[in-house]
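Some notes on the structure that comes next.
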Amino acid sequence: MAVFSPHVTYSATESQWRAWRDAYLGGSAVKTRGELYLPRPAGMRRDTQYAAYKTRALWFGATERAVHGLTGTIFRKAPQVEIPSSLAPQLDDVTLTGVPFETFAEELVREIVLMGRFGVLIDFPRPVVTDQGIPVMDPLTRPYWVAYTTEEIVNWRTAQLAGQTVLTLVVLREGIEERQGDFPSPDFFVTKTVTQYRVLRLDEQGQYEVSLWREVPSAIRTTAVPDVILMDQYIPTRAGVPLPTIPFCFFAPFTLETDVEKSLLDALIAANYQYYRHSADYEHGLHLTALPTPYVTGYVDEKTEFLIGSQAAWIIPDAAAKVGMLEFQGQGLQSHERAMATDIQNMATLGSRLLEAPTAVAQTATEVLQRSAGSESPLQALILTASQGLTKLLQWHAWWANLTENLLDPAILVHLNMDLVSSQADPTLVKTLMEAMLSGTISFETWYWNLQRGELTRPEVTVEEEQELLAIREATRAPQMPAEGGGVSPR
């Protein structure tokens, strides 16, 4: 098996991951896939017709709004972190690229909500080797975190060791920027991204080992040239002793195990694609029927051009000829309009239910309110799991930084905000708010406030101010395309 061979579950789930990611990225990403998400209608044979059909379709950005709304609901209150005072300064930049702990945690939760899977590697800069071959470590060197999306976690394996399930292999795909040529070559400023595979494994002695494999461009591969080349191999240490575990943590909505789980937004995203298809049919029908079409019967004169306007006169010698306008009355499009409205309602309902715990028995209104604010909702289950994983990452970090001698120090804890729904808000209100946020008529700041207070609007904030706030957020938010490789980090 090649180093880049994917896990069998990866291959089986890859297309689903692509659909979730594209839904989050929006209309441009969705429409690029063409017939994958929008089947070509029967009889539409010309590509130009289908291109126009696809262009007219509207992608409703409910998935993106739901992801940011639900994530923002969690982080409307800062995480509670219990750590040694010596570790606190390092939380200001956990990646060594300027990303603070809370920002990293928010991105982590956002990915879990959308994709149902995320991974984080705790790494440590390697010593600098002197000309005499002596490794020297900067005294200020410390551990750092590297994030990997679900698409970048290519393979994994576990084993039963001493009665416990232990992670023994992780293969990660990374994109490495390489400069083309050296100064003063004309290509000095030109770079290209090459694919690298980072293999984390426990060797035969149970020691953590890292190897880096660079993918060979397909254009120069031959029977004598392999697909990948081993670039480096080393054993990370702490105080000169190899690590007994792979410092990589998997995250999913309900577990920290390696199992692949479904996105919490799977049903909402399916409704989002349904709306897209309904919109395409609706806009196509509107395009064909919106404008009245003149007709003439009983008169044939191919040389006469009939113009429409107050200054154009039609002279028709045949008294039996008839003229009129074909005009669509609109009944045929109403079914599409109803379907699109139903899709929006379904997305709002599915989003709001993530805040509620499931029930199999009838409940009073008070019990429903208590259930909505309880600790068994899907989103709160995700919060508990993410808190456990972030706790483990900080424990590993502190241990590798020699700030504690306990690999899983119980004094280090992370608690993400669990207060999602105010006891004043009933499920109908939650649904209404979710629908308003998904449709873009309120900001998710208002969404948070209403969930907390159980009201419908923020005091002293006008509709115009809400729309301006949404426009500002859209304009300032950087595009979030799926990266080819893992997070940028010092190596």
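How things are named: the first chain in the structure tokens is A, the next is B, and so on; residues count from 1 in each chain; ligands count from 1 in the order shown.
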Residues of range 152-358 of chain A in strand (DSSP E) according to DSSP, as an mmCIF file with C-alpha atoms, in the first residue's frame?
data_model
loop_
_atom_site.group_PDB
_atom_site.id
_atom_site.type_symbol
_atom_site.label_atom_id
_atom_site.label_comp_id
_atom_site.auth_asym_id
_atom_site.auth_seq_id
_atom_site.Cartn_x
_atom_site.Cartn_y
_atom_site.Cartn_z
ATOM 1 C CA ILE A 153 -6.594 13.373 7.186
ATOM 2 C CA VAL A 154 -5.936 10.675 4.599
ATOM 3 C CA ASN A 155 -5.405 7.526 6.642
ATOM 4 C CA TRP A 156 -5.417 6.311 10.245
ATOM 5 C CA ARG A 157 -5.133 3.139 12.264
ATOM 6 C CA THR A 158 -5.593 2.018 15.847
ATOM 7 C CA ALA A 159 -4.539 -1.065 17.807
ATOM 8 C CA GLN A 160 -5.296 -2.698 21.126
ATOM 9 C CA LEU A 161 -2.287 -2.261 23.407
ATOM 10 C CA GLN A 164 -6.543 0.171 25.469
ATOM 11 C CA THR A 165 -7.323 1.433 21.983
ATOM 12 C CA VAL A 166 -4.219 3.309 20.886
ATOM 13 C CA LEU A 167 -3.690 5.472 17.806
ATOM 14 C CA THR A 168 -0.790 3.904 15.873
ATOM 15 C CA LEU A 169 -0.892 5.665 12.482
ATOM 16 C CA VAL A 170 -2.030 8.963 10.984
ATOM 17 C CA VAL A 171 -1.273 10.101 7.420
ATOM 18 C CA LEU A 172 -1.788 13.811 6.724
ATOM 19 C CA ARG A 173 -1.761 15.570 3.369
ATOM 20 C CA GLU A 174 -0.080 18.984 3.313
ATOM 21 C CA GLY A 175 0.495 21.650 0.685
ATOM 22 C CA ILE A 176 4.058 22.977 0.707
ATOM 23 C CA GLU A 177 5.037 26.168 -1.102
ATOM 24 C CA GLU A 178 8.267 25.741 -3.059
ATOM 25 C CA ARG A 179 10.161 28.590 -4.674
ATOM 26 C CA THR A 191 6.252 29.448 -6.291
ATOM 27 C CA LYS A 192 4.231 26.309 -6.683
ATOM 28 C CA THR A 193 2.403 24.091 -4.234
ATOM 29 C CA VAL A 194 3.636 20.525 -3.936
ATOM 30 C CA THR A 195 1.900 17.777 -2.023
ATOM 31 C CA GLN A 196 3.591 16.330 1.037
ATOM 32 C CA TYR A 197 2.446 13.477 3.261
ATOM 33 C CA ARG A 198 3.241 13.616 6.955
ATOM 34 C CA VAL A 199 3.188 10.121 8.444
ATOM 35 C CA LEU A 200 2.801 9.857 12.225
ATOM 36 C CA ARG A 201 3.204 6.388 13.680
ATOM 37 C CA LEU A 202 4.220 4.352 16.673
ATOM 38 C CA TYR A 208 6.415 8.231 18.168
ATOM 39 C CA GLU A 209 8.058 8.615 14.744
ATOM 40 C CA VAL A 210 7.502 11.202 11.990
ATOM 41 C CA SER A 211 8.346 10.788 8.295
ATOM 42 C CA LEU A 212 7.811 13.249 5.442
ATOM 43 C CA TRP A 213 7.090 12.036 1.913
ATOM 44 C CA ARG A 214 7.080 14.394 -1.081
ATOM 45 C CA GLU A 215 4.858 13.611 -4.051
ATOM 46 C CA VAL A 228 6.634 9.697 -3.512
ATOM 47 C CA ILE A 229 10.106 10.226 -2.110
ATOM 48 C CA LEU A 230 11.071 10.036 1.551
ATOM 49 C CA MET A 231 12.391 13.498 2.444
ATOM 50 C CA ASP A 232 12.926 13.178 6.194
ATOM 51 C CA GLN A 233 12.424 10.839 9.125
ATOM 52 C CA TYR A 234 12.926 11.542 12.830
ATOM 53 C CA THR A 237 11.631 13.730 22.018
ATOM 54 C CA ARG A 238 10.890 15.387 25.328
ATOM 55 C CA VAL A 241 13.155 10.748 25.612
ATOM 56 C CA PRO A 242 10.911 9.637 22.683
ATOM 57 C CA PHE A 248 -2.762 14.009 17.339
ATOM 58 C CA CYS A 249 -6.373 14.485 18.434
ATOM 59 C CA PHE A 250 -9.415 13.607 16.309
ATOM 60 C CA PHE A 251 -12.587 15.647 16.796
ATOM 61 C CA THR A 293 -45.539 37.230 -26.541
ATOM 62 C CA PRO A 294 -47.487 38.761 -29.480
ATOM 63 C CA TYR A 295 -49.165 36.445 -32.004
ATOM 64 C CA VAL A 296 -50.895 36.820 -35.393
ATOM 65 C CA THR A 297 -53.131 34.123 -36.936
ATOM 66 C CA LYS A 322 -56.419 37.739 -35.428
ATOM 67 C CA VAL A 323 -53.820 39.357 -33.219
ATOM 68 C CA GLY A 324 -53.240 39.104 -29.492
ATOM 69 C CA MET A 325 -50.765 38.531 -26.685
ATOM 70 C CA LEU A 326 -49.845 35.217 -25.157
#
Give me the residues of range 220-310 of chain A that have any atom at most 12 Å from an atom of range 105-117 of chain A; for each, the nearest atom pair and the distance in Å, rounded to one decimal. Use only C-alpha atoms, sort by chain and number, and format it as JSON lines.
{"residue": "A:Cys249", "atom": "CA", "partner": "A:Arg117", "partner_atom": "CA", "distance": 10.7}
{"residue": "A:Phe250", "atom": "CA", "partner": "A:Arg117", "partner_atom": "CA", "distance": 7.2}
{"residue": "A:Phe251", "atom": "CA", "partner": "A:Arg117", "partner_atom": "CA", "distance": 5.5}
{"residue": "A:Ala252", "atom": "CA", "partner": "A:Arg117", "partner_atom": "CA", "distance": 4.7}
{"residue": "A:Pro253", "atom": "CA", "partner": "A:Gly116", "partner_atom": "CA", "distance": 5.8}
{"residue": "A:Phe254", "atom": "CA", "partner": "A:Gly116", "partner_atom": "CA", "distance": 9.0}
{"residue": "A:Thr255", "atom": "CA", "partner": "A:Arg117", "partner_atom": "CA", "distance": 9.8}
{"residue": "A:Leu256", "atom": "CA", "partner": "A:Arg117", "partner_atom": "CA", "distance": 9.4}
{"residue": "A:Glu257", "atom": "CA", "partner": "A:Arg117", "partner_atom": "CA", "distance": 10.2}
{"residue": "A:Thr258", "atom": "CA", "partner": "A:Arg117", "partner_atom": "CA", "distance": 9.1}
{"residue": "A:Asp259", "atom": "CA", "partner": "A:Arg117", "partner_atom": "CA", "distance": 9.0}
{"residue": "A:Val260", "atom": "CA", "partner": "A:Arg117", "partner_atom": "CA", "distance": 6.9}
{"residue": "A:Glu261", "atom": "CA", "partner": "A:Gly116", "partner_atom": "CA", "distance": 5.7}
{"residue": "A:Lys262", "atom": "CA", "partner": "A:Gly116", "partner_atom": "CA", "distance": 5.5}
{"residue": "A:Ser263", "atom": "CA", "partner": "A:Gly116", "partner_atom": "CA", "distance": 4.2}
{"residue": "A:Leu264", "atom": "CA", "partner": "A:Val113", "partner_atom": "CA", "distance": 5.9}
{"residue": "A:Leu265", "atom": "CA", "partner": "A:Leu114", "partner_atom": "CA", "distance": 6.3}
{"residue": "A:Asp266", "atom": "CA", "partner": "A:Leu114", "partner_atom": "CA", "distance": 8.3}
{"residue": "A:Ala267", "atom": "CA", "partner": "A:Leu114", "partner_atom": "CA", "distance": 11.4}
{"residue": "A:Leu268", "atom": "CA", "partner": "A:Leu114", "partner_atom": "CA", "distance": 10.5}
{"residue": "A:Ile269", "atom": "CA", "partner": "A:Leu114", "partner_atom": "CA", "distance": 9.4}
What gap, in Å, lies between CA of Gly351 in chain A and CA of Met434 in chain A?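 That distance, rounded to one decimal, is 6.6 Å.
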Name all residues at most 9 Å from Leu333 in chain A (count only C-alpha atoms; drop same-chain ones fewer than 3 positions away) and give them as a list in words.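 Non-adjacent residues within range: Tyr282, Gly285, Leu286, Gly330, His336, Glu337 and Arg338 of chain A.
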Output the selection as a PDB file, in the first residue's frame - C-alpha atoms for each residue.
ATOM      1  CA  TYR A 282     -38.593  28.313 -10.951  1.00  0.00           C
ATOM      2  CA  GLY A 285     -40.023  28.844 -15.902  1.00  0.00           C
ATOM      3  CA  LEU A 286     -40.061  32.541 -15.070  1.00  0.00           C
ATOM      4  CA  GLY A 330     -48.672  32.395 -13.153  1.00  0.00           C
ATOM      5  CA  HIS A 336     -42.299  26.090  -7.310  1.00  0.00           C
ATOM      6  CA  GLU A 337     -42.773  29.112  -5.045  1.00  0.00           C
ATOM      7  CA  ARG A 338     -44.433  26.943  -2.408  1.00  0.00           C
TER       8      ARG A 338
END
As a ChimeraX atom specification, please: the residues near Glu283 in chain A (cut-off 8 Å, only C-alpha atoms, same-chain neighbours under 3 positions excluded). /A:53,56-57,279-280,286-287
Return the single residue from A:Thr385, A:Gln380, A:Thr32, A:Thr150 that is closest to Tyr10 in chain A, with distances computed using only C-alpha atoms.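 When distances to Tyr10 in chain A are compared using only C-alpha atoms, the smallest one comes from A:Thr150.
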Using only C-alpha atoms, which protein or nucleic acid residues come within 7 Å of Pro79 in chain A? Drop anything in the same chain fewer than 3 positions from it, and give the result as a PyMOL selection string. chain A and resi 414-417
